[in-house]
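Containing mmCIF, C-alpha atoms and all ligand atoms: structure_23.cif.
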data_input
#
loop_
_atom_site.label_atom_id
_atom_site.label_comp_id
_atom_site.auth_asym_id
_atom_site.auth_seq_id
_atom_site.Cartn_x
_atom_site.Cartn_y
_atom_site.Cartn_z
CA MET L 1184 16.00 -5.69 37.75
CA SER L 1185 17.00 -2.46 36.09
CA GLN L 1186 16.48 -1.03 32.63
CA ASP L 1187 20.03 -1.40 31.40
CA TRP L 1188 19.71 0.70 28.28
CA ASP L 1189 23.42 1.54 28.26
CA ALA L 1190 23.90 -1.93 26.85
CA GLY L 1191 21.12 -1.35 24.29
CA ARG L 1192 17.60 -2.72 24.71
CA LEU L 1193 17.32 -6.42 24.06
CA ASP L 1194 14.82 -7.40 21.39
CA SER L 1195 13.60 -10.17 23.69
CA ASP L 1196 12.23 -7.47 26.02
CA LEU L 1197 9.45 -7.01 23.44
CA ASP L 1198 8.59 -10.68 22.98
CA GLY L 1199 4.87 -11.18 22.81
CA VAL L 1200 3.85 -7.51 23.03
CA GLY L 1201 1.03 -6.09 20.88
CA PHE L 1202 1.08 -4.15 17.60
CA ASP L 1203 0.84 -0.72 19.23
CA THR L 1204 3.68 -1.44 21.64
CA LEU L 1205 5.88 -2.56 18.75
CA ALA L 1206 4.86 0.56 16.78
CA VAL L 1207 6.07 2.78 19.61
CA ARG L 1208 9.04 0.79 20.92
CA ALA L 1209 10.48 -1.71 18.43
CA GLY L 1210 13.85 -0.92 16.89
CA GLN L 1211 14.95 1.67 19.45
CA HIS L 1212 18.38 1.03 20.96
CA ARG L 1213 19.28 3.87 23.33
CA THR L 1214 22.76 5.32 23.39
CA PRO L 1215 24.54 5.94 26.73
CA GLU L 1216 23.18 9.52 26.56
CA GLY L 1217 19.83 8.16 27.74
CA GLU L 1218 17.68 9.92 25.13
CA HIS L 1219 13.99 9.07 25.47
CA GLY L 1220 13.13 9.65 21.82
CA GLU L 1221 15.01 8.02 18.94
CA ALA L 1222 18.40 9.58 18.12
CA MET L 1223 18.93 10.89 14.60
CA PHE L 1224 22.35 9.96 13.23
CA LEU L 1225 23.10 12.56 10.56
CA THR L 1226 26.46 11.19 9.53
CA SER L 1227 27.71 9.88 6.22
CA SER L 1228 30.58 7.84 7.63
CA TYR L 1229 31.91 6.30 10.84
CA VAL L 1230 35.30 6.25 12.55
CA PHE L 1231 37.38 3.27 13.62
CA ARG L 1232 39.56 2.95 16.72
CA THR L 1233 42.52 1.48 14.83
CA ALA L 1234 43.58 0.56 11.33
CA ALA L 1235 43.02 -3.07 12.25
CA ASP L 1236 39.47 -2.25 13.41
CA ALA L 1237 38.82 -0.54 10.04
CA ALA L 1238 40.12 -3.53 8.15
CA ALA L 1239 37.99 -5.95 10.18
CA ARG L 1240 34.83 -3.92 9.67
CA PHE L 1241 35.45 -3.54 5.93
CA ALA L 1242 36.03 -7.27 5.68
CA GLY L 1243 32.75 -7.87 7.54
CA GLU L 1244 34.60 -9.82 10.24
CA VAL L 1245 33.38 -7.42 12.94
CA PRO L 1246 29.85 -5.97 12.80
CA GLY L 1247 29.54 -2.20 12.78
CA ASN L 1248 28.89 0.81 10.64
CA VAL L 1249 31.19 1.77 7.78
CA TYR L 1250 29.26 4.21 5.60
CA SER L 1251 25.64 5.38 5.60
CA ARG L 1252 24.92 3.98 2.13
CA TYR L 1253 25.42 0.61 3.85
CA THR L 1254 24.01 1.10 7.34
CA ASN L 1255 22.84 3.94 9.56
CA PRO L 1256 21.52 3.49 13.11
CA THR L 1257 18.40 5.64 12.56
CA VAL L 1258 17.57 3.85 9.33
CA ARG L 1259 18.15 0.52 11.09
CA ALA L 1260 15.74 1.51 13.88
CA PHE L 1261 13.04 2.22 11.27
CA GLU L 1262 13.78 -1.08 9.52
CA GLU L 1263 13.52 -3.07 12.75
CA ARG L 1264 10.26 -1.36 13.70
CA ILE L 1265 8.51 -1.94 10.37
CA ALA L 1266 9.80 -5.54 10.24
CA ALA L 1267 8.22 -6.12 13.65
CA LEU L 1268 4.91 -4.63 12.48
CA GLU L 1269 4.78 -6.70 9.28
CA GLY L 1270 5.90 -9.87 11.09
CA ALA L 1271 8.97 -10.09 8.82
CA GLU L 1272 12.44 -11.48 9.39
CA GLN L 1273 14.01 -8.37 7.89
CA ALA L 1274 13.18 -4.96 6.43
CA VAL L 1275 15.30 -2.83 4.11
CA ALA L 1276 14.57 0.89 3.75
CA THR L 1277 14.79 2.70 0.40
CA ALA L 1278 14.77 6.29 -0.84
CA SER L 1279 11.21 5.99 -2.21
CA GLY L 1280 8.49 3.49 -2.95
CA MET L 1281 9.66 3.29 -6.56
CA SER L 1282 13.23 2.45 -5.57
CA ALA L 1283 11.81 -0.31 -3.35
CA ILE L 1284 10.17 -1.86 -6.42
CA LEU L 1285 13.34 -1.40 -8.48
CA ALA L 1286 15.45 -3.06 -5.77
CA ILE L 1287 13.09 -6.05 -5.63
CA VAL L 1288 13.21 -6.66 -9.38
CA MET L 1289 16.97 -6.01 -9.69
CA SER L 1290 17.71 -8.45 -6.89
CA GLN L 1291 15.29 -11.25 -7.84
CA CYS L 1292 15.23 -11.19 -11.66
CA SER L 1293 17.64 -11.50 -14.59
CA ALA L 1294 17.33 -10.88 -18.33
CA GLY L 1295 14.90 -13.39 -19.79
CA ASP L 1296 12.78 -13.66 -16.63
CA HIS L 1297 9.05 -13.04 -16.78
CA VAL L 1298 7.11 -10.94 -14.27
CA LEU L 1299 3.33 -10.76 -13.79
CA VAL L 1300 2.06 -7.38 -12.59
CA SER L 1301 -1.59 -6.75 -11.73
CA ARG L 1302 -3.20 -4.53 -14.36
CA SER L 1303 -4.35 -1.79 -12.00
CA VAL L 1304 -1.06 -0.82 -10.30
CA PHE L 1305 0.39 2.64 -9.61
CA GLY L 1306 1.27 4.49 -12.84
CA SER L 1307 5.02 4.81 -12.19
CA THR L 1308 5.19 1.07 -11.48
CA ILE L 1309 3.93 0.38 -15.01
CA SER L 1310 6.38 2.96 -16.44
CA LEU L 1311 9.28 1.35 -14.55
CA PHE L 1312 8.53 -2.03 -16.14
CA GLU L 1313 7.54 -0.77 -19.59
CA LYS L 1314 10.16 1.96 -20.16
CA TYR L 1315 13.16 0.60 -18.31
CA LEU L 1316 13.08 -3.00 -17.07
CA LYS L 1317 11.85 -4.30 -20.44
CA ARG L 1318 14.96 -2.79 -22.08
CA PHE L 1319 17.07 -5.09 -19.94
CA GLY L 1320 15.23 -8.22 -20.98
CA ILE L 1321 12.58 -8.51 -18.25
CA GLU L 1322 9.31 -9.69 -19.80
CA VAL L 1323 6.07 -8.36 -18.28
CA ASP L 1324 2.38 -9.22 -18.54
CA TYR L 1325 -0.55 -7.64 -16.73
CA PRO L 1326 -3.36 -10.00 -15.61
CA PRO L 1327 -6.51 -8.48 -14.09
CA LEU L 1328 -6.02 -8.25 -10.32
CA ALA L 1329 -8.99 -10.26 -9.04
CA ASP L 1330 -9.05 -13.02 -11.68
CA LEU L 1331 -7.16 -16.04 -10.29
CA ALA L 1332 -7.71 -18.11 -13.45
CA GLY L 1333 -6.26 -15.18 -15.44
CA TRP L 1334 -3.11 -15.27 -13.30
CA GLU L 1335 -2.71 -19.01 -13.82
CA ALA L 1336 -3.18 -18.65 -17.57
CA ALA L 1337 -0.55 -15.89 -17.77
CA PHE L 1338 2.30 -18.02 -16.35
CA LYS L 1339 5.30 -18.91 -18.51
CA PRO L 1340 8.13 -21.32 -17.64
CA THR L 1341 10.27 -18.22 -16.94
CA THR L 1342 7.82 -16.50 -14.54
CA LYS L 1343 9.80 -15.46 -11.45
CA LEU L 1344 7.73 -12.82 -9.73
CA LEU L 1345 4.09 -11.81 -9.24
CA PHE L 1346 3.50 -8.19 -8.21
CA VAL L 1347 0.14 -6.94 -6.91
CA GLU L 1348 -1.42 -3.94 -5.23
CA SER L 1349 -4.36 -5.03 -3.09
CA PRO L 1350 -6.54 -3.07 -2.61
CA SER L 1351 -6.01 -1.32 -5.92
CA ASN L 1352 -6.15 2.38 -6.63
CA PRO L 1353 -8.60 4.00 -7.36
CA LEU L 1354 -11.30 1.30 -7.66
CA ALA L 1355 -10.55 -0.66 -4.44
CA GLU L 1356 -10.39 -4.04 -6.15
CA LEU L 1357 -8.81 -6.91 -4.17
CA VAL L 1358 -7.10 -10.18 -4.87
CA ASP L 1359 -7.28 -13.16 -2.54
CA ILE L 1360 -3.64 -12.97 -1.40
CA ARG L 1361 -3.61 -16.43 0.19
CA ALA L 1362 -4.93 -18.08 -2.98
CA LEU L 1363 -2.56 -16.13 -5.24
CA ALA L 1364 0.42 -17.06 -3.03
CA GLU L 1365 -0.49 -20.74 -3.45
CA ILE L 1366 -0.65 -20.31 -7.23
CA ALA L 1367 2.75 -18.58 -7.23
CA HIS L 1368 4.43 -21.16 -5.01
CA ALA L 1369 3.09 -24.10 -7.02
CA ARG L 1370 5.18 -22.71 -9.89
CA ASP L 1371 8.25 -21.60 -7.92
CA ALA L 1372 7.47 -17.91 -8.27
CA LEU L 1373 7.51 -15.28 -5.52
CA LEU L 1374 4.50 -13.12 -4.62
CA VAL L 1375 5.24 -9.43 -3.95
CA VAL L 1376 2.52 -7.24 -2.43
CA ASP L 1377 2.54 -3.43 -2.51
CA ASN L 1378 0.88 -2.85 0.89
CA CYS L 1379 0.81 0.92 0.61
CA PHE L 1380 -2.96 1.41 0.92
CA CYS L 1381 -3.48 -0.82 3.95
CA THR L 1382 -0.18 -0.59 5.85
CA PRO L 1383 0.54 -3.37 8.40
CA ALA L 1384 -2.12 -1.81 10.62
CA LEU L 1385 -4.84 -3.20 8.31
CA GLN L 1386 -3.20 -6.04 6.38
CA GLN L 1387 -0.14 -8.23 6.86
CA PRO L 1388 0.43 -10.01 3.53
CA LEU L 1389 3.41 -12.10 4.75
CA LYS L 1390 1.02 -13.82 7.17
CA LEU L 1391 -1.25 -14.58 4.19
CA GLY L 1392 1.60 -16.28 2.33
CA ALA L 1393 3.18 -13.43 0.35
CA ASP L 1394 6.99 -13.60 0.09
CA ILE L 1395 7.90 -9.91 -0.11
CA VAL L 1396 5.99 -6.78 0.90
CA MET L 1397 6.89 -3.24 -0.11
CA HIS L 1398 5.63 0.19 0.83
CA SER L 1399 5.81 3.71 -0.31
CA ALA L 1400 6.48 5.09 3.19
CA THR L 1401 5.66 8.47 1.63
CA LYS L 1402 1.99 7.64 2.14
CA TYR L 1403 0.43 6.43 5.43
CA ILE L 1404 3.68 5.42 7.16
CA ASP L 1405 4.77 9.04 7.30
CA GLY L 1406 1.11 9.95 7.11
CA GLN L 1407 1.78 13.66 7.28
CA GLY L 1408 2.96 14.53 3.79
CA ARG L 1409 6.53 15.38 4.80
CA ALA L 1410 8.99 12.99 3.21
CA LEU L 1411 9.64 10.38 0.53
CA GLY L 1412 10.75 6.87 1.35
CA GLY L 1413 10.09 3.20 0.90
CA VAL L 1414 10.73 -0.16 2.48
CA VAL L 1415 10.95 -3.82 1.45
CA VAL L 1416 10.22 -6.58 3.98
CA GLY L 1417 10.47 -10.34 3.83
CA ARG L 1418 12.64 -13.33 4.61
CA LYS L 1419 16.41 -12.93 5.08
CA ALA L 1420 17.04 -15.10 2.02
CA GLN L 1421 15.36 -12.59 -0.28
CA MET L 1422 16.37 -9.44 1.60
CA GLU L 1423 20.06 -10.25 1.20
CA GLY L 1424 19.84 -9.51 -2.53
CA VAL L 1425 17.82 -6.34 -1.92
CA VAL L 1426 20.43 -5.09 0.58
CA GLY L 1427 23.22 -5.88 -1.89
CA PHE L 1428 21.57 -3.93 -4.69
CA LEU L 1429 20.84 -0.91 -2.49
CA ARG L 1430 24.37 -0.76 -1.06
CA THR L 1431 25.83 -0.86 -4.53
CA ALA L 1432 23.38 1.30 -6.46
CA GLY L 1433 22.62 3.74 -3.65
CA PRO L 1434 18.86 4.51 -3.39
CA THR L 1435 19.00 4.10 0.40
CA LEU L 1436 16.84 6.04 2.85
CA SER L 1437 18.10 9.25 4.43
CA PRO L 1438 18.38 9.11 8.25
CA PHE L 1439 16.27 12.25 8.54
CA ASN L 1440 13.40 10.62 6.65
CA ALA L 1441 13.87 7.40 8.63
CA TRP L 1442 13.44 9.41 11.83
CA LEU L 1443 10.20 10.96 10.52
CA PHE L 1444 8.90 7.50 9.60
CA LEU L 1445 9.76 6.14 13.07
CA LYS L 1446 7.53 8.84 14.53
CA GLY L 1447 4.91 8.14 11.84
CA LEU L 1448 4.76 4.48 12.79
CA GLU L 1449 4.07 5.37 16.43
CA THR L 1450 0.66 6.77 15.49
CA LEU L 1451 -0.01 4.49 12.50
CA ARG L 1452 -2.82 2.37 13.89
CA VAL L 1453 -4.76 5.18 15.54
CA ARG L 1454 -4.45 7.25 12.37
CA MET L 1455 -5.55 4.35 10.15
CA GLN L 1456 -8.54 3.75 12.41
CA ALA L 1457 -9.58 7.39 12.15
CA HIS L 1458 -8.98 7.46 8.36
CA CYS L 1459 -11.09 4.31 7.93
CA ALA L 1460 -13.94 5.49 10.18
CA SER L 1461 -14.31 8.75 8.24
CA ALA L 1462 -14.00 6.99 4.88
CA GLN L 1463 -16.75 4.52 5.85
CA GLN L 1464 -19.09 7.35 6.89
CA LEU L 1465 -18.46 9.31 3.71
CA ALA L 1466 -18.83 6.25 1.45
CA GLU L 1467 -22.17 5.34 3.06
CA TRP L 1468 -23.37 8.91 2.77
CA LEU L 1469 -22.24 9.31 -0.85
CA GLU L 1470 -24.05 6.11 -1.81
CA GLN L 1471 -27.35 7.74 -0.70
CA GLN L 1472 -26.89 10.96 -2.67
CA PRO L 1473 -28.74 11.68 -5.91
CA GLY L 1474 -26.11 12.62 -8.46
CA ILE L 1475 -23.78 9.80 -7.36
CA GLU L 1476 -24.07 6.80 -9.67
CA ARG L 1477 -21.69 4.39 -8.00
CA VAL L 1478 -19.34 4.31 -5.00
CA TYR L 1479 -16.21 2.10 -4.90
CA TYR L 1480 -15.31 1.26 -1.30
CA SER L 1481 -14.73 -2.23 0.05
CA GLY L 1482 -16.39 -1.35 3.36
CA LEU L 1483 -19.77 -1.10 1.59
CA ALA L 1484 -21.98 -4.19 1.43
CA SER L 1485 -22.49 -3.28 -2.26
CA HIS L 1486 -18.78 -3.87 -2.99
CA PRO L 1487 -18.44 -7.19 -4.87
CA GLN L 1488 -15.46 -8.24 -2.70
CA HIS L 1489 -16.78 -6.96 0.65
CA GLU L 1490 -16.53 -10.45 2.22
CA LEU L 1491 -12.93 -10.94 1.03
CA ALA L 1492 -12.02 -7.49 2.36
CA LYS L 1493 -13.45 -8.43 5.77
CA ARG L 1494 -11.48 -11.67 5.81
CA GLN L 1495 -8.17 -10.36 4.52
CA GLN L 1496 -8.00 -6.86 6.04
CA SER L 1497 -8.80 -5.51 9.49
CA GLY L 1498 -10.07 -2.25 7.97
CA PHE L 1499 -11.19 -1.04 4.57
CA GLY L 1500 -8.75 1.80 3.96
CA ALA L 1501 -9.39 5.45 3.27
CA VAL L 1502 -9.63 5.77 -0.51
CA VAL L 1503 -13.21 6.33 -1.66
CA SER L 1504 -13.95 6.64 -5.37
CA PHE L 1505 -17.28 7.46 -6.98
CA GLU L 1506 -18.90 8.19 -10.31
CA VAL L 1507 -21.04 11.29 -10.65
CA ALA L 1508 -23.98 11.78 -13.02
CA GLY L 1509 -22.52 13.30 -16.19
CA GLY L 1510 -19.05 13.13 -17.72
CA LYS L 1511 -15.70 14.86 -17.34
CA GLU L 1512 -17.21 18.35 -17.07
CA ALA L 1513 -19.51 17.30 -14.23
CA ALA L 1514 -16.59 15.64 -12.40
CA TRP L 1515 -14.45 18.77 -12.81
CA ARG L 1516 -17.31 21.01 -11.58
CA PHE L 1517 -17.66 18.77 -8.50
CA ILE L 1518 -13.92 18.95 -7.77
CA ASP L 1519 -13.68 22.71 -8.35
CA ALA L 1520 -16.57 23.38 -5.94
CA THR L 1521 -14.69 21.93 -2.94
CA ARG L 1522 -13.03 24.40 -0.56
CA VAL L 1523 -11.41 22.28 2.17
CA ILE L 1524 -10.21 19.12 0.43
CA SER L 1525 -6.95 19.61 -1.52
CA ILE L 1526 -7.00 19.08 -5.29
CA THR L 1527 -4.02 16.76 -5.66
CA THR L 1528 -3.36 13.13 -6.50
CA ASN L 1529 -1.32 12.32 -3.39
CA LEU L 1530 -2.80 10.28 -0.54
CA GLY L 1531 -1.94 8.97 2.88
CA ASP L 1532 -1.83 12.44 4.40
CA THR L 1533 -3.64 14.08 7.31
CA LYS L 1534 -5.13 16.39 4.67
CA SER L 1535 -7.88 14.92 2.48
CA THR L 1536 -7.29 15.01 -1.27
CA ILE L 1537 -9.55 14.89 -4.32
CA ALA L 1538 -8.55 14.02 -7.88
CA HIS L 1539 -9.90 13.18 -11.34
CA PRO L 1540 -8.03 9.97 -12.28
CA ALA L 1541 -8.95 10.03 -16.00
CA THR L 1542 -7.05 13.30 -16.56
CA THR L 1543 -4.30 12.98 -13.92
CA SER L 1544 -2.95 9.63 -12.63
CA HIS L 1545 -4.39 7.73 -15.60
CA GLY L 1546 -4.25 10.60 -18.11
CA ARG L 1547 -1.41 9.14 -20.16
CA LEU L 1548 -3.29 5.91 -20.88
CA SER L 1549 -5.15 5.64 -24.19
CA PRO L 1550 -8.97 5.80 -23.93
CA GLN L 1551 -9.02 2.03 -24.54
CA GLU L 1552 -6.45 1.34 -21.79
CA ARG L 1553 -8.45 3.56 -19.44
CA ALA L 1554 -11.63 1.68 -20.28
CA ASN L 1555 -9.84 -1.63 -19.61
CA ALA L 1556 -8.73 -0.30 -16.24
CA GLY L 1557 -12.33 0.73 -15.46
CA ILE L 1558 -11.47 4.43 -15.15
CA ARG L 1559 -14.46 6.40 -16.44
CA ASP L 1560 -14.52 10.14 -17.19
CA ASN L 1561 -17.04 10.70 -14.39
CA LEU L 1562 -14.87 9.03 -11.72
CA ILE L 1563 -13.59 11.05 -8.74
CA ARG L 1564 -11.20 9.76 -6.09
CA VAL L 1565 -11.10 11.08 -2.54
CA ALA L 1566 -8.34 10.02 -0.13
CA VAL L 1567 -9.92 10.73 3.23
CA GLY L 1568 -7.72 12.55 5.73
CA LEU L 1569 -8.12 13.38 9.40
CA GLU L 1570 -10.25 16.54 9.28
CA ASP L 1571 -13.68 16.57 10.99
CA VAL L 1572 -15.87 14.27 8.95
CA ALA L 1573 -18.74 16.79 9.09
CA ASP L 1574 -16.54 19.34 7.33
CA LEU L 1575 -15.53 16.82 4.67
CA LYS L 1576 -19.19 15.94 4.11
CA ALA L 1577 -20.07 19.63 3.80
CA ASP L 1578 -17.25 20.04 1.26
CA LEU L 1579 -18.46 17.09 -0.82
CA ALA L 1580 -21.98 18.52 -0.59
CA ARG L 1581 -20.62 21.65 -2.33
CA GLY L 1582 -19.44 19.36 -5.09
CA LEU L 1583 -22.84 17.68 -5.32
CA ALA L 1584 -24.57 21.07 -5.52
CA ALA L 1585 -22.34 22.01 -8.46
CA LEU L 1586 -23.43 18.98 -10.50
C1 LIG A 1601 3.04 6.38 -4.21
C2 LIG A 1601 3.02 4.94 -4.51
C3 LIG A 1601 4.16 4.27 -4.96
C4 LIG A 1601 5.46 4.98 -5.23
O1 LIG A 1601 6.01 5.49 -4.07
P1 LIG A 1601 6.98 6.79 -4.03
O2 LIG A 1601 7.31 6.90 -2.60
O3 LIG A 1601 6.20 7.93 -4.58
O4 LIG A 1601 8.15 6.46 -4.89
C5 LIG A 1601 4.07 2.91 -5.18
N1 LIG A 1601 2.92 2.24 -4.98
C6 LIG A 1601 1.80 2.85 -4.56
C7 LIG A 1601 0.56 2.06 -4.36
C8 LIG A 1601 1.80 4.22 -4.32
O5 LIG A 1601 0.67 4.84 -3.93
#

Using structure tokens, write down the structure from this file.
Amino acid sequence: MSQDWDAGRLDSDLDGVGFDTLAVRAGQHRTPEGEHGEAMFLTSSYVFRTAADAAARFAGEVPGNVYSRYTNPTVRAFEERIAALEGAEQAVATASGMSAILAIVMSQCSAGDHVLVSRSVFGSTISLFEKYLKRFGIEVDYPPLADLAGWEAAFKPTTKLLFVESPSNPLAELVDIRALAEIAHARDALLVVDNCFCTPALQQPLKLGADIVMHSATKYIDGQGRALGGVVVGRKAQMEGVVGFLRTAGPTLSPFNAWLFLKGLETLRVRMQAHCASAQQLAEWLEQQPGIERVYYSGLASHPQHELAKRQQSGFGAVVSFEVAGGKEAAWRFIDATRVISITTNLGDTKSTIAHPATTSHGRLSPQERANAGIRDNLIRVAVGLEDVADLKADLARGLAAL
């Protein structure tokens, strides 16, 4: 036996291997140069041997690259790797998490269709539906994430798609994905899960019955704050439409970013484990501190959905939110007293971040909408990075001292 990589590695060589092996190896097809790492194909177009070859490739009669808005070998390697990690038939990479959501709706819905979106999703997701998709005749309602009866009650005969983020940001609420998938399928609707906060290292929604999963790869998949990107994964039947929309409209992933994400995936599980371990320690510690009124973290026994989190996820994630004694001023004093943790709303980075949701990510909501979403003025969100946990604790202690 030899490793005949000149002919490209066969996918069957990875049959039955574990998550970490897929994270490091899946999707790589070596060129005859014999490169050990993944090659980066920075090319917009591809050449043909003959005019007849060009015609056959354009007609789709012969497989092969035509133009990088359609296919690119580095992007394809990333797609194959993330599909393997999510246990999906196919993955399609996009320029950002938002364009992943746009591609899903544009490919699955038409004017007059109804979409149910969980109330607590990412701010730009709500803007995309409210400001743009509604103008093209997509109807949207927002049931509370965890309330299965509320989802059932919100259905209309035209409901095509359910879209959820579980766990939610910043309050770490969950929905029972398996139960919601059953509700969706009983009414011929598809369930889409934004798996950004867990990544496939902690949760694989397709295995729980979801139809489509999307990510902002900008967050933990890159994990190092370097690049924007997104990905949609699911069955070939649904991905065909997503591919068609992306090829035509153009928000495809750049090969450079795809290369960064390939390297990000290689360390995904060990990073997620370290993120989760530090988040658990900090959440437990914060819960003991005078001056902290409530901690939101599904790894705590005090979290109302702790049992569901244990069943549905293999880790609790790295976003820890808490309410301090006092109001907005107290929260701001806490944040301003930190010296190590970055004051920013981003997450999924090696660097820990701290933010005041009521005046940043949720600042454009009315006070009533904020109250409905459970975002109080004394709420602080920390996305725990990979620094020494003792240093993060010392930094949060500075915040506590400033209360
Ligand atoms: C950041 C984020 C998005 C949007 O992703 P971009 O890559 O910024 O476009 C979508 N969903 C969640 C949960 C996010 O955190």

> Within 8 Å of ligand LIG 1601 (chain A), counting all atoms listed in the file: which residues, as a VMD selection string?
Replying inline: chain L and resid 1278 to 1284 1304 to 1305 1307 to 1308 1348 1351 to 1352 1377 to 1380 1398 to 1402 1411 to 1413 1529 to 1530

Atoms to include: C-alpha atoms. Write the selected residues as an mmCIF file, keeping the file's coordinate frame.
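Once written, again.cif looks like this:
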data_model
loop_
_atom_site.group_PDB
_atom_site.id
_atom_site.type_symbol
_atom_site.label_atom_id
_atom_site.label_comp_id
_atom_site.auth_asym_id
_atom_site.auth_seq_id
_atom_site.Cartn_x
_atom_site.Cartn_y
_atom_site.Cartn_z
ATOM 1 C CA ALA L 1278 14.770 6.290 -0.840
ATOM 2 C CA SER L 1279 11.210 5.990 -2.210
ATOM 3 C CA GLY L 1280 8.490 3.490 -2.950
ATOM 4 C CA MET L 1281 9.660 3.290 -6.560
ATOM 5 C CA SER L 1282 13.230 2.450 -5.570
ATOM 6 C CA ALA L 1283 11.810 -0.310 -3.350
ATOM 7 C CA ILE L 1284 10.170 -1.860 -6.420
ATOM 8 C CA VAL L 1304 -1.060 -0.820 -10.300
ATOM 9 C CA PHE L 1305 0.390 2.640 -9.610
ATOM 10 C CA SER L 1307 5.020 4.810 -12.190
ATOM 11 C CA THR L 1308 5.190 1.070 -11.480
ATOM 12 C CA GLU L 1348 -1.420 -3.940 -5.230
ATOM 13 C CA SER L 1351 -6.010 -1.320 -5.920
ATOM 14 C CA ASN L 1352 -6.150 2.380 -6.630
ATOM 15 C CA ASP L 1377 2.540 -3.430 -2.510
ATOM 16 C CA ASN L 1378 0.880 -2.850 0.890
ATOM 17 C CA CYS L 1379 0.810 0.920 0.610
ATOM 18 C CA PHE L 1380 -2.960 1.410 0.920
ATOM 19 C CA HIS L 1398 5.630 0.190 0.830
ATOM 20 C CA SER L 1399 5.810 3.710 -0.310
ATOM 21 C CA ALA L 1400 6.480 5.090 3.190
ATOM 22 C CA THR L 1401 5.660 8.470 1.630
ATOM 23 C CA LYS L 1402 1.990 7.640 2.140
ATOM 24 C CA LEU L 1411 9.640 10.380 0.530
ATOM 25 C CA GLY L 1412 10.750 6.870 1.350
ATOM 26 C CA GLY L 1413 10.090 3.200 0.900
ATOM 27 C CA ASN L 1529 -1.320 12.320 -3.390
ATOM 28 C CA LEU L 1530 -2.800 10.280 -0.540
#

>> Given only C-alpha atoms as the basis, pick out the residue of L:Ala1420, L:Val1230, L:Val1298, L:Cys1381 nearest to Lys1339 of chain L.
In response: L:Val1298

> Interatomic distance between atom CA of Ala1209 of chain L and atom CA of Gln1291 of chain L?
Replying inline: 28.4 Å

>> Set the distance at 8 Å and use all atoms listed in the file: which residues neighbour Ser1227 of chain L once local chain neighbours fewer than 2 positions away are removed? I'd like the list as a PyMOL selection string.
In response: chain L and resi 1225+1229+1250-1252

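For the atom pair formed by atom CA of Ala1577 of chain L and atom CA of Glu1356 of chain L, the distance is 27.4 Å, given to one decimal.
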
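The space separating atom CA of Ala1580 of chain L from atom CA of Gly1510 of chain L comes to 18.2 Å.
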
>> Taking (-6.0, -6.4, 9.7) as a centre in this file's frame and 8 Å as the limit, can you find every polymer residue with an atom that close, using all atoms listed in the file, and give them as JSON, numbers by chain?
In response: {"L": [1383, 1384, 1385, 1386, 1387, 1495, 1496, 1497, 1498]}

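Using only C-alpha atoms, the smallest distance between any of L:Met1422, L:Leu1391, L:Ile1366, L:Leu1354 and Ala1501 of chain L comes from L:Leu1354.
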
Edge lengths and centre in Å to one decimal, as JSON, is what I'm after for the box along x, y and z that holds all listed atoms of segment 1341-1358 of chain L once 5 Å is added on each side.
{"center_x": -0.5, "center_y": -7.1, "center_z": -9.8, "size_x": 31.6, "size_y": 32.2, "size_z": 24.3}

>> Set the distance at 12 Å and use only C-alpha atoms: which residues neighbour Trp1468 of chain L once local chain neighbours fewer than 5 positions away are removed? I'd like the list as a count of residues only.
In response: 19

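You can rank L:Arg1494, L:Arg1361, L:Gln1407, L:Gly1568 by their closest distance to Gln1456 of chain L using only C-alpha atoms, and at the top of that list sits L:Gly1568.
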
>> Which residues are close to Thr1527 of chain L, i.e. within 8 Å by all atoms listed in the file, leaving aside same-chain residues fewer than 3 positions away? Reply as a list in words.
In response: Thr1536, Ile1537 and Ala1538 of chain L

Written selection (C-alpha atoms) as a compact mmCIF listing (two decimals), keeping the file's coordinate frame:
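Now in selection28.txt:
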# COMPACT_ATOMS: atom_id res chain seq x y z
CA THR L 1536 -7.29 15.01 -1.27
CA ILE L 1537 -9.55 14.89 -4.32
CA ALA L 1538 -8.55 14.02 -7.88

>> Using all atoms listed in the file, which protein or nucleic acid residues come within 12 Å of segment 1204-1207 of chain L? Drop anything in the same chain fewer than 6 positions from it, and give the result as a ChimeraX atom specification.
In response: /L:1194-1198,1219-1221,1260-1270,1383-1384,1404,1444-1453

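Proximity ranking of L:Ala1294, L:Val1300, L:Ala1372, L:Ile1321 relative to Phe1346 of chain L places L:Val1300 first, based on only C-alpha atoms.
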